[in-house]
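Dumped model11.pdb below, it's PDB, C-alpha atoms and all ligand atoms:
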ATOM      1  CA  MET A   1       0.000   0.000   0.000  1.00  0.00           C
ATOM      2  CA  LYS A   2       1.183   3.558  -0.662  1.00  0.00           C
ATOM      3  CA  HIS A   3       2.576   4.927   2.591  1.00  0.00           C
ATOM      4  CA  ILE A   4       5.086   7.027   4.487  1.00  0.00           C
ATOM      5  CA  PHE A   5       7.260   5.557   7.228  1.00  0.00           C
ATOM      6  CA  LYS A   6       9.256   7.734   9.615  1.00  0.00           C
ATOM      7  CA  LYS A   7      11.377   6.019  12.207  1.00  0.00           C
ATOM      8  CA  SER A   8      11.509   7.389  15.749  1.00  0.00           C
ATOM      9  CA  LYS A   9      14.733   9.213  16.541  1.00  0.00           C
ATOM     10  CA  THR A  10      14.447   8.169  20.203  1.00  0.00           C
ATOM     11  CA  ASN A  11      13.862   4.815  21.885  1.00  0.00           C
ATOM     12  CA  ASN A  12      10.072   5.346  21.724  1.00  0.00           C
ATOM     13  CA  GLU A  13       8.650   1.948  20.706  1.00  0.00           C
ATOM     14  CA  ILE A  14       5.221   3.212  19.641  1.00  0.00           C
ATOM     15  CA  THR A  15       4.351   3.449  15.955  1.00  0.00           C
ATOM     16  CA  LEU A  16       1.412   5.698  15.116  1.00  0.00           C
ATOM     17  CA  LEU A  17      -0.622   4.221  12.263  1.00  0.00           C
ATOM     18  CA  LEU A  18      -2.284   7.146  10.455  1.00  0.00           C
ATOM     19  CA  LEU A  19      -5.480   6.500   8.494  1.00  0.00           C
ATOM     20  CA  HIS A  20      -7.019   9.430   6.625  1.00  0.00           C
ATOM     21  CA  GLY A  21     -10.651  10.250   5.820  1.00  0.00           C
ATOM     22  CA  THR A  22     -12.381   9.929   2.423  1.00  0.00           C
ATOM     23  CA  GLY A  23     -10.569  12.007  -0.204  1.00  0.00           C
ATOM     24  CA  GLY A  24      -7.479  12.349   1.962  1.00  0.00           C
ATOM     25  CA  ASN A  25      -4.011  10.899   1.697  1.00  0.00           C
ATOM     26  CA  GLU A  26      -1.024   9.784   3.746  1.00  0.00           C
ATOM     27  CA  TYR A  27       0.068  13.391   4.398  1.00  0.00           C
ATOM     28  CA  ASP A  28      -3.175  14.556   6.076  1.00  0.00           C
ATOM     29  CA  LEU A  29      -2.628  13.396   9.646  1.00  0.00           C
ATOM     30  CA  LEU A  30       1.140  13.960   9.937  1.00  0.00           C
ATOM     31  CA  SER A  31       0.708  17.228  11.843  1.00  0.00           C
ATOM     32  CA  LEU A  32      -1.835  15.609  14.169  1.00  0.00           C
ATOM     33  CA  ALA A  33       0.640  12.806  14.945  1.00  0.00           C
ATOM     34  CA  GLN A  34       3.216  15.488  15.731  1.00  0.00           C
ATOM     35  CA  ILE A  35       0.831  16.913  18.345  1.00  0.00           C
ATOM     36  CA  ILE A  36      -0.040  13.535  19.895  1.00  0.00           C
ATOM     37  CA  ASP A  37       3.490  12.101  20.120  1.00  0.00           C
ATOM     38  CA  PRO A  38       6.351  13.854  18.302  1.00  0.00           C
ATOM     39  CA  THR A  39       8.844  11.087  19.120  1.00  0.00           C
ATOM     40  CA  ALA A  40       6.832   8.059  17.916  1.00  0.00           C
ATOM     41  CA  SER A  41       7.530   6.279  14.633  1.00  0.00           C
ATOM     42  CA  ILE A  42       4.910   6.930  11.973  1.00  0.00           C
ATOM     43  CA  LEU A  43       3.325   4.603   9.432  1.00  0.00           C
ATOM     44  CA  SER A  44       0.871   6.637   7.398  1.00  0.00           C
ATOM     45  CA  VAL A  45      -1.088   4.710   4.778  1.00  0.00           C
ATOM     46  CA  ARG A  46      -3.159   5.738   1.778  1.00  0.00           C
ATOM     47  CA  GLY A  47      -6.421   3.844   1.234  1.00  0.00           C
ATOM     48  CA  ASN A  48      -6.326   1.462  -1.742  1.00  0.00           C
ATOM     49  CA  VAL A  49      -9.848   2.193  -2.998  1.00  0.00           C
ATOM     50  CA  LEU A  50     -10.834   5.148  -5.184  1.00  0.00           C
ATOM     51  CA  GLU A  51     -14.325   6.655  -5.124  1.00  0.00           C
ATOM     52  CA  ASN A  52     -14.607   9.243  -7.904  1.00  0.00           C
ATOM     53  CA  GLY A  53     -10.879   9.822  -7.564  1.00  0.00           C
ATOM     54  CA  MET A  54     -11.032  10.061  -3.747  1.00  0.00           C
ATOM     55  CA  PRO A  55      -8.903   7.580  -1.801  1.00  0.00           C
ATOM     56  CA  ARG A  56     -10.733   5.453   0.789  1.00  0.00           C
ATOM     57  CA  PHE A  57      -9.907   2.346   2.803  1.00  0.00           C
ATOM     58  CA  PHE A  58     -12.885   0.297   1.554  1.00  0.00           C
ATOM     59  CA  ARG A  59     -15.824   0.626  -0.820  1.00  0.00           C
ATOM     60  CA  ARG A  60     -19.237   1.891   0.150  1.00  0.00           C
ATOM     61  CA  LEU A  61     -22.542   1.403  -1.607  1.00  0.00           C
ATOM     62  CA  SER A  62     -23.808   4.842  -0.555  1.00  0.00           C
ATOM     63  CA  GLU A  63     -23.165   7.352   2.243  1.00  0.00           C
ATOM     64  CA  GLY A  64     -22.938   5.314   5.459  1.00  0.00           C
ATOM     65  CA  VAL A  65     -23.726   1.982   3.723  1.00  0.00           C
ATOM     66  CA  PHE A  66     -20.601  -0.106   3.516  1.00  0.00           C
ATOM     67  CA  ASP A  67     -19.689  -2.839   1.051  1.00  0.00           C
ATOM     68  CA  GLU A  68     -19.083  -5.437   3.772  1.00  0.00           C
ATOM     69  CA  GLU A  69     -17.335  -7.956   1.540  1.00  0.00           C
ATOM     70  CA  ASP A  70     -14.852  -5.284   0.475  1.00  0.00           C
ATOM     71  CA  LEU A  71     -14.527  -4.001   4.060  1.00  0.00           C
ATOM     72  CA  ILE A  72     -13.521  -7.490   5.272  1.00  0.00           C
ATOM     73  CA  PHE A  73     -11.098  -7.941   2.349  1.00  0.00           C
ATOM     74  CA  ARG A  74      -9.517  -4.484   2.861  1.00  0.00           C
ATOM     75  CA  THR A  75      -9.248  -4.988   6.622  1.00  0.00           C
ATOM     76  CA  LYS A  76      -7.193  -8.142   6.051  1.00  0.00           C
ATOM     77  CA  GLU A  77      -5.168  -6.389   3.366  1.00  0.00           C
ATOM     78  CA  LEU A  78      -4.302  -3.570   5.790  1.00  0.00           C
ATOM     79  CA  ASN A  79      -3.496  -5.996   8.623  1.00  0.00           C
ATOM     80  CA  ASP A  80      -1.186  -7.992   6.315  1.00  0.00           C
ATOM     81  CA  PHE A  81       0.417  -4.761   5.130  1.00  0.00           C
ATOM     82  CA  ILE A  82       1.155  -3.755   8.757  1.00  0.00           C
ATOM     83  CA  ASP A  83       2.686  -7.217   9.401  1.00  0.00           C
ATOM     84  CA  ASP A  84       4.973  -6.797   6.384  1.00  0.00           C
ATOM     85  CA  ALA A  85       5.856  -3.175   7.216  1.00  0.00           C
ATOM     86  CA  ALA A  86       6.842  -4.176  10.778  1.00  0.00           C
ATOM     87  CA  LYS A  87       9.286  -6.718   9.336  1.00  0.00           C
ATOM     88  CA  GLN A  88      10.578  -4.395   6.614  1.00  0.00           C
ATOM     89  CA  TYR A  89      11.137  -1.360   8.859  1.00  0.00           C
ATOM     90  CA  GLY A  90      11.900  -3.221  12.084  1.00  0.00           C
ATOM     91  CA  PHE A  91       9.280  -1.665  14.368  1.00  0.00           C
ATOM     92  CA  ARG A  92       7.383  -3.495  17.107  1.00  0.00           C
ATOM     93  CA  ARG A  93       4.200  -5.042  15.681  1.00  0.00           C
ATOM     94  CA  ASP A  94       2.660  -5.090  19.151  1.00  0.00           C
ATOM     95  CA  ARG A  95       3.108  -1.362  19.813  1.00  0.00           C
ATOM     96  CA  ILE A  96       0.911   0.167  17.126  1.00  0.00           C
ATOM     97  CA  VAL A  97      -1.525   2.910  18.028  1.00  0.00           C
ATOM     98  CA  ALA A  98      -3.874   3.852  15.196  1.00  0.00           C
ATOM     99  CA  ILE A  99      -5.098   7.388  14.654  1.00  0.00           C
ATOM    100  CA  GLY A 100      -7.998   7.339  12.224  1.00  0.00           C
ATOM    101  CA  TYR A 101     -10.387   9.992  11.031  1.00  0.00           C
ATOM    102  CA  SER A 102     -13.814   9.167   9.546  1.00  0.00           C
ATOM    103  CA  ASN A 103     -13.260   6.476   6.881  1.00  0.00           C
ATOM    104  CA  GLY A 104      -9.804   5.862   8.418  1.00  0.00           C
ATOM    105  CA  ALA A 105     -11.395   5.492  11.872  1.00  0.00           C
ATOM    106  CA  ASN A 106     -13.863   3.005  10.365  1.00  0.00           C
ATOM    107  CA  ILE A 107     -11.140   0.731   8.981  1.00  0.00           C
ATOM    108  CA  ALA A 108      -9.267   1.009  12.314  1.00  0.00           C
ATOM    109  CA  ALA A 109     -12.490  -0.043  14.096  1.00  0.00           C
ATOM    110  CA  SER A 110     -12.788  -2.922  11.615  1.00  0.00           C
ATOM    111  CA  LEU A 111      -9.233  -4.047  12.507  1.00  0.00           C
ATOM    112  CA  LEU A 112     -10.391  -4.149  16.146  1.00  0.00           C
ATOM    113  CA  TYR A 113     -13.566  -6.047  15.213  1.00  0.00           C
ATOM    114  CA  HIS A 114     -11.585  -8.735  13.360  1.00  0.00           C
ATOM    115  CA  TYR A 115      -8.167  -9.163  14.976  1.00  0.00           C
ATOM    116  CA  ALA A 116      -7.193  -9.337  18.660  1.00  0.00           C
ATOM    117  CA  ASP A 117      -3.602  -8.263  18.062  1.00  0.00           C
ATOM    118  CA  ALA A 118      -3.842  -5.817  15.174  1.00  0.00           C
ATOM    119  CA  LEU A 119      -3.625  -2.712  17.357  1.00  0.00           C
ATOM    120  CA  HIS A 120      -2.174  -1.907  20.767  1.00  0.00           C
ATOM    121  CA  GLY A 121      -4.406   1.145  20.916  1.00  0.00           C
ATOM    122  CA  ALA A 122      -6.701   3.159  18.679  1.00  0.00           C
ATOM    123  CA  MET A 123      -7.823   6.765  18.521  1.00  0.00           C
ATOM    124  CA  LEU A 124     -10.992   6.840  16.479  1.00  0.00           C
ATOM    125  CA  HIS A 125     -12.101  10.314  15.402  1.00  0.00           C
ATOM    126  CA  HIS A 126     -15.735  10.287  14.222  1.00  0.00           C
ATOM    127  CA  PRO A 127     -16.023   6.550  13.523  1.00  0.00           C
ATOM    128  CA  MET A 128     -19.147   4.532  12.697  1.00  0.00           C
ATOM    129  CA  VAL A 129     -20.000   0.931  13.524  1.00  0.00           C
ATOM    130  CA  PRO A 130     -17.963  -0.856  10.814  1.00  0.00           C
ATOM    131  CA  LEU A 131     -20.258  -3.895  10.637  1.00  0.00           C
ATOM    132  CA  ARG A 132     -22.722  -5.857  12.718  1.00  0.00           C
ATOM    133  CA  GLY A 133     -23.443  -9.491  13.490  1.00  0.00           C
ATOM    134  CA  ILE A 134     -19.900 -10.689  14.141  1.00  0.00           C
ATOM    135  CA  GLU A 135     -18.292 -11.778  17.378  1.00  0.00           C
ATOM    136  CA  LEU A 136     -15.396  -9.544  18.354  1.00  0.00           C
ATOM    137  CA  PRO A 137     -12.035 -10.958  19.463  1.00  0.00           C
ATOM    138  CA  ASP A 138     -10.819 -10.518  23.041  1.00  0.00           C
ATOM    139  CA  LEU A 139      -9.737  -6.865  23.243  1.00  0.00           C
ATOM    140  CA  THR A 140      -8.700  -6.872  26.901  1.00  0.00           C
ATOM    141  CA  GLU A 141      -5.247  -5.585  25.991  1.00  0.00           C
ATOM    142  CA  THR A 142      -6.514  -2.820  23.693  1.00  0.00           C
ATOM    143  CA  LYS A 143      -7.125   0.798  24.665  1.00  0.00           C
ATOM    144  CA  VAL A 144      -9.501   2.839  22.557  1.00  0.00           C
ATOM    145  CA  PHE A 145     -10.393   6.522  22.438  1.00  0.00           C
ATOM    146  CA  ILE A 146     -13.491   7.550  20.488  1.00  0.00           C
ATOM    147  CA  ALA A 147     -14.306  11.157  19.640  1.00  0.00           C
ATOM    148  CA  ALA A 148     -17.846  11.706  18.393  1.00  0.00           C
ATOM    149  CA  GLY A 149     -19.869  14.787  17.495  1.00  0.00           C
ATOM    150  CA  LYS A 150     -23.276  15.277  19.145  1.00  0.00           C
ATOM    151  CA  HIS A 151     -24.505  16.781  15.866  1.00  0.00           C
ATOM    152  CA  ASP A 152     -22.713  14.551  13.375  1.00  0.00           C
ATOM    153  CA  PRO A 153     -24.922  14.210  10.261  1.00  0.00           C
ATOM    154  CA  ILE A 154     -22.978  11.092   9.167  1.00  0.00           C
ATOM    155  CA  CYS A 155     -22.883   9.245  12.497  1.00  0.00           C
ATOM    156  CA  PRO A 156     -25.803   9.659  14.927  1.00  0.00           C
ATOM    157  CA  PRO A 157     -24.991   9.569  18.679  1.00  0.00           C
ATOM    158  CA  GLU A 158     -26.654   6.131  19.121  1.00  0.00           C
ATOM    159  CA  GLU A 159     -24.173   4.660  16.655  1.00  0.00           C
ATOM    160  CA  SER A 160     -21.183   6.045  18.595  1.00  0.00           C
ATOM    161  CA  GLU A 161     -22.696   4.581  21.755  1.00  0.00           C
ATOM    162  CA  GLU A 162     -23.199   1.219  20.036  1.00  0.00           C
ATOM    163  CA  LEU A 163     -19.540   1.195  18.979  1.00  0.00           C
ATOM    164  CA  TYR A 164     -18.465   2.107  22.524  1.00  0.00           C
ATOM    165  CA  ASP A 165     -20.649  -0.639  24.065  1.00  0.00           C
ATOM    166  CA  THR A 166     -19.492  -3.288  21.589  1.00  0.00           C
ATOM    167  CA  LEU A 167     -15.805  -2.550  22.180  1.00  0.00           C
ATOM    168  CA  LYS A 168     -16.341  -2.466  25.942  1.00  0.00           C
ATOM    169  CA  LYS A 169     -18.116  -5.844  25.890  1.00  0.00           C
ATOM    170  CA  ALA A 170     -15.099  -7.256  24.035  1.00  0.00           C
ATOM    171  CA  GLY A 171     -12.964  -6.196  27.012  1.00  0.00           C
ATOM    172  CA  SER A 172     -11.427  -3.036  25.632  1.00  0.00           C
ATOM    173  CA  ASP A 173     -10.554  -0.109  27.876  1.00  0.00           C
ATOM    174  CA  VAL A 174     -12.522   2.515  25.952  1.00  0.00           C
ATOM    175  CA  GLU A 175     -13.311   6.195  26.415  1.00  0.00           C
ATOM    176  CA  LEU A 176     -16.016   8.051  24.488  1.00  0.00           C
ATOM    177  CA  PHE A 177     -15.507  11.813  24.222  1.00  0.00           C
ATOM    178  CA  TRP A 178     -18.305  14.012  22.910  1.00  0.00           C
ATOM    179  CA  THR A 179     -17.846  17.257  21.016  1.00  0.00           C
ATOM    180  CA  ASN A 180     -20.648  19.766  20.493  1.00  0.00           C
ATOM    181  CA  GLY A 181     -19.947  19.819  16.762  1.00  0.00           C
ATOM    182  CA  GLY A 182     -20.484  17.541  13.787  1.00  0.00           C
ATOM    183  CA  HIS A 183     -18.187  15.272  11.780  1.00  0.00           C
ATOM    184  CA  GLN A 184     -15.159  17.584  11.758  1.00  0.00           C
ATOM    185  CA  LEU A 185     -12.084  17.266  13.975  1.00  0.00           C
ATOM    186  CA  SER A 186     -12.197  19.792  16.807  1.00  0.00           C
ATOM    187  CA  HIS A 187      -9.559  21.396  19.042  1.00  0.00           C
ATOM    188  CA  ASP A 188     -11.371  20.020  22.096  1.00  0.00           C
ATOM    189  CA  GLU A 189     -11.125  16.433  20.955  1.00  0.00           C
ATOM    190  CA  LEU A 190      -7.475  16.804  19.977  1.00  0.00           C
ATOM    191  CA  SER A 191      -6.494  18.110  23.390  1.00  0.00           C
ATOM    192  CA  ARG A 192      -8.499  15.321  25.091  1.00  0.00           C
ATOM    193  CA  ALA A 193      -6.940  12.758  22.706  1.00  0.00           C
ATOM    194  CA  LYS A 194      -3.478  14.025  23.618  1.00  0.00           C
ATOM    195  CA  GLU A 195      -4.227  13.692  27.351  1.00  0.00           C
ATOM    196  CA  TRP A 196      -5.692  10.209  26.838  1.00  0.00           C
ATOM    197  CA  TYR A 197      -2.616   9.109  24.865  1.00  0.00           C
ATOM    198  CA  ALA A 198      -0.195  10.525  27.463  1.00  0.00           C
ATOM    199  CA  LYS A 199      -2.030   8.632  30.203  1.00  0.00           C
ATOM    200  CA  HIS A 200      -1.995   5.280  28.405  1.00  0.00           C
ATOM    201  CA  PHE A 201       1.272   5.076  26.412  1.00  0.00           C
TER
HETATM  202  C1  LIG B   1     -17.362   6.090   5.471  1.00  0.00           C
HETATM  203  O1  LIG B   1     -17.804   5.951   4.363  1.00  0.00           O
HETATM  204  O2  LIG B   1     -16.394   5.481   5.921  1.00  0.00           O
HETATM  205  C2  LIG B   1     -18.082   7.079   6.327  1.00  0.00           C
HETATM  206  O3  LIG B   1     -19.272   7.437   5.750  1.00  0.00           O
HETATM  207  C3  LIG B   1     -17.270   8.258   6.629  1.00  0.00           C
HETATM  208  C4  LIG B   1     -16.806   8.945   5.383  1.00  0.00           C
HETATM  209  O4  LIG B   1     -17.501   9.805   4.858  1.00  0.00           O
HETATM  210  O5  LIG B   1     -15.733   8.619   4.935  1.00  0.00           O
END
Translate this file's structure into structure tokens.
Amino acid sequence: MKHIFKKSKTNNEITLLLLHGTGGNEYDLLSLAQIIDPTASILSVRGNVLENGMPRFFRRLSEGVFDEEDLIFRTKELNDFIDDAAKQYGFRRDRIVAIGYSNGANIAASLLYHYADALHGAMLHHPMVPLRGIELPDLTETKVFIAAGKHDPICPPEESEELYDTLKKAGSDVELFWTNGGHQLSHDELSRAKEWYAKHF
């Protein structure tokens, strides 16, 4: 997959996995990663799917309606890519913290829904429920931060709560932070995300 890798210049063992929103690319979240942890390694990936020229991490049938077969295929593809990148670049596979926004948060949530060891932690900015009707792996070792907008036209509050409950039932240590806004990233959520990260990693 098209990506950027930047190795930590310190002995920080965390790698931040950056996953952009629809129409974004691997450069979008670099400045956010700099705010969250300037000394971590960075693996920033571009989604392999194009929707009218806009990169995404999996196909959708319409706004908010996901192509589940493609989602499952792309989730495995991304997980395999991370496995290979860890070997190629020599970073710890078990110290990956994802930062995803919107479509990127949805594929990060799908990694959590499918694989116990894909992510050490995940910061999901404005995610949706990636899919329903599957049993989640044991996520006891996984810490998750969710930021959701009370007035998000793409993801209603009940859906953020459903995601929170599902991850919690799977054993994850999860925090749900509400913003007063919609689907956009806010200063409030970034400062809370930074605090959450500093507390856990
Ligand atoms: C998705 O398709 O993943 C969600 O609707 C969010 C987005 O617009 O990318």
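The neighbours of Lys194 of chain A here are the residues that come within 9 Å of it, using all atoms listed in the file and leaving out any residue fewer than 5 positions away in the same chain; they are Ile35, Ile36, Asp37, Glu189 and Lys199 of chain A.
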Margin query: the PyMOL selection byres (((not hetatm)) within 6 of (chain B and resi 1)) - which residues does that actually catch in the file I just gave you? List them as a ChimeraX atom specification.
Written below: /A:21-22,63-64,102-103,106
Checklist line | Distance query Lys76 of chain A at most 12 Å, only C-alpha atoms, self and fewer than 2 positions along chain excluded, as a list in words | finding: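 The residues satisfying every condition are Phe57, Phe58, Glu69, Asp70, Leu71, Ile72, Phe73, Arg74, Leu78, Asn79, Asp80, Phe81, Ile82, Asp83, Ile107, Ala108, Ser110, Leu111, Leu112, Tyr113, His114, Tyr115 and Ala118 of chain A.
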Next item on the list: Considering all atoms listed in the file, return as a ChimeraX atom specification whatever protein or nucleic-acid residues lie within 7 Å of Asp138 of chain A, sequence-local ones (same chain, fewer than 2 positions apart) excluded.
Entry: /A:116,136,140,170-171
Item checked: Atom pair atom CA of Ala85 of chain A / atom CA of Val144 of chain A: separation (Å) ->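 If I compute the distance from atom CA of Ala85 of chain A to atom CA of Val144 of chain A, I get 22.5 Å.
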Check: Once the PyMOL selection byres (((chain A and resi 152) around 10) and not hetatm) has been applied to the shown file, what residues remain in the selection, as a list in words?
Finding: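 With the PyMOL selection byres (((chain A and resi 152) around 10) and not hetatm) on this model, the match is His126, Ala148, Gly149, Lys150, His151, Pro153, Ile154, Cys155, Pro156, Pro157, Thr179, Asn180, Gly181, Gly182, His183 and Gln184 of chain A.
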Given the block above, output segment 140-164 of chain A with N, CA and C atoms as an mmCIF file, in the first residue's frame.
data_model
loop_
_atom_site.group_PDB
_atom_site.id
_atom_site.type_symbol
_atom_site.label_atom_id
_atom_site.label_comp_id
_atom_site.auth_asym_id
_atom_site.auth_seq_id
_atom_site.Cartn_x
_atom_site.Cartn_y
_atom_site.Cartn_z
ATOM 1 N N THR A 140 -9.081 -7.265 25.537
ATOM 2 C CA THR A 140 -8.700 -6.872 26.901
ATOM 3 C C THR A 140 -7.423 -6.028 26.931
ATOM 4 N N GLU A 141 -6.540 -6.290 25.980
ATOM 5 C CA GLU A 141 -5.247 -5.585 25.991
ATOM 6 C C GLU A 141 -5.291 -4.281 25.192
ATOM 7 N N THR A 142 -6.457 -3.929 24.662
ATOM 8 C CA THR A 142 -6.514 -2.820 23.693
ATOM 9 C C THR A 142 -7.218 -1.594 24.273
ATOM 10 N N LYS A 143 -6.557 -0.458 24.157
ATOM 11 C CA LYS A 143 -7.125 0.798 24.665
ATOM 12 C C LYS A 143 -7.647 1.617 23.492
ATOM 13 N N VAL A 144 -8.862 2.125 23.670
ATOM 14 C CA VAL A 144 -9.501 2.839 22.557
ATOM 15 C C VAL A 144 -10.059 4.182 23.028
ATOM 16 N N PHE A 145 -9.809 5.192 22.222
ATOM 17 C CA PHE A 145 -10.393 6.522 22.438
ATOM 18 C C PHE A 145 -11.302 6.815 21.249
ATOM 19 N N ILE A 146 -12.550 7.180 21.553
ATOM 20 C CA ILE A 146 -13.491 7.550 20.488
ATOM 21 C C ILE A 146 -13.871 9.010 20.676
ATOM 22 N N ALA A 147 -13.770 9.792 19.610
ATOM 23 C CA ALA A 147 -14.306 11.157 19.640
ATOM 24 C C ALA A 147 -15.489 11.207 18.690
ATOM 25 N N ALA A 148 -16.620 11.681 19.203
ATOM 26 C CA ALA A 148 -17.846 11.706 18.393
ATOM 27 C C ALA A 148 -18.521 13.062 18.537
ATOM 28 N N GLY A 149 -19.175 13.496 17.467
ATOM 29 C CA GLY A 149 -19.869 14.787 17.495
ATOM 30 C C GLY A 149 -21.344 14.587 17.832
ATOM 31 N N LYS A 150 -21.857 15.399 18.768
ATOM 32 C CA LYS A 150 -23.276 15.277 19.145
ATOM 33 C C LYS A 150 -24.189 15.598 17.962
ATOM 34 N N HIS A 151 -23.678 16.362 17.007
ATOM 35 C CA HIS A 151 -24.505 16.781 15.866
ATOM 36 C C HIS A 151 -23.909 16.307 14.541
ATOM 37 N N ASP A 152 -23.355 15.083 14.583
ATOM 38 C CA ASP A 152 -22.713 14.551 13.375
ATOM 39 C C ASP A 152 -23.789 14.056 12.392
ATOM 40 N N PRO A 153 -23.886 14.646 11.198
ATOM 41 C CA PRO A 153 -24.922 14.210 10.261
ATOM 42 C C PRO A 153 -24.632 12.833 9.656
ATOM 43 N N ILE A 154 -23.366 12.383 9.765
ATOM 44 C CA ILE A 154 -22.978 11.092 9.167
ATOM 45 C C ILE A 154 -23.124 9.964 10.190
ATOM 46 N N CYS A 155 -22.827 10.274 11.447
ATOM 47 C CA CYS A 155 -22.883 9.245 12.497
ATOM 48 C C CYS A 155 -23.737 9.730 13.661
ATOM 49 N N PRO A 156 -24.956 9.222 13.810
ATOM 50 C CA PRO A 156 -25.803 9.659 14.927
ATOM 51 C C PRO A 156 -25.233 9.196 16.268
ATOM 52 N N PRO A 157 -25.537 9.913 17.364
ATOM 53 C CA PRO A 157 -24.991 9.569 18.679
ATOM 54 C C PRO A 157 -25.221 8.109 19.083
ATOM 55 N N GLU A 158 -26.382 7.538 18.729
ATOM 56 C CA GLU A 158 -26.654 6.131 19.121
ATOM 57 C C GLU A 158 -25.617 5.192 18.508
ATOM 58 N N GLU A 159 -25.137 5.541 17.322
ATOM 59 C CA GLU A 159 -24.173 4.660 16.655
ATOM 60 C C GLU A 159 -22.809 4.724 17.367
ATOM 61 N N SER A 160 -22.433 5.924 17.832
ATOM 62 C CA SER A 160 -21.183 6.045 18.595
ATOM 63 C C SER A 160 -21.301 5.260 19.887
ATOM 64 N N GLU A 161 -22.493 5.326 20.511
ATOM 65 C CA GLU A 161 -22.696 4.581 21.755
ATOM 66 C C GLU A 161 -22.662 3.075 21.506
ATOM 67 N N GLU A 162 -23.225 2.650 20.388
ATOM 68 C CA GLU A 162 -23.199 1.219 20.036
ATOM 69 C C GLU A 162 -21.750 0.741 19.862
ATOM 70 N N LEU A 163 -20.953 1.554 19.181
ATOM 71 C CA LEU A 163 -19.540 1.195 18.979
ATOM 72 C C LEU A 163 -18.829 1.097 20.332
ATOM 73 N N TYR A 164 -19.058 2.089 21.180
ATOM 74 C CA TYR A 164 -18.465 2.107 22.524
ATOM 75 C C TYR A 164 -18.863 0.837 23.290
#
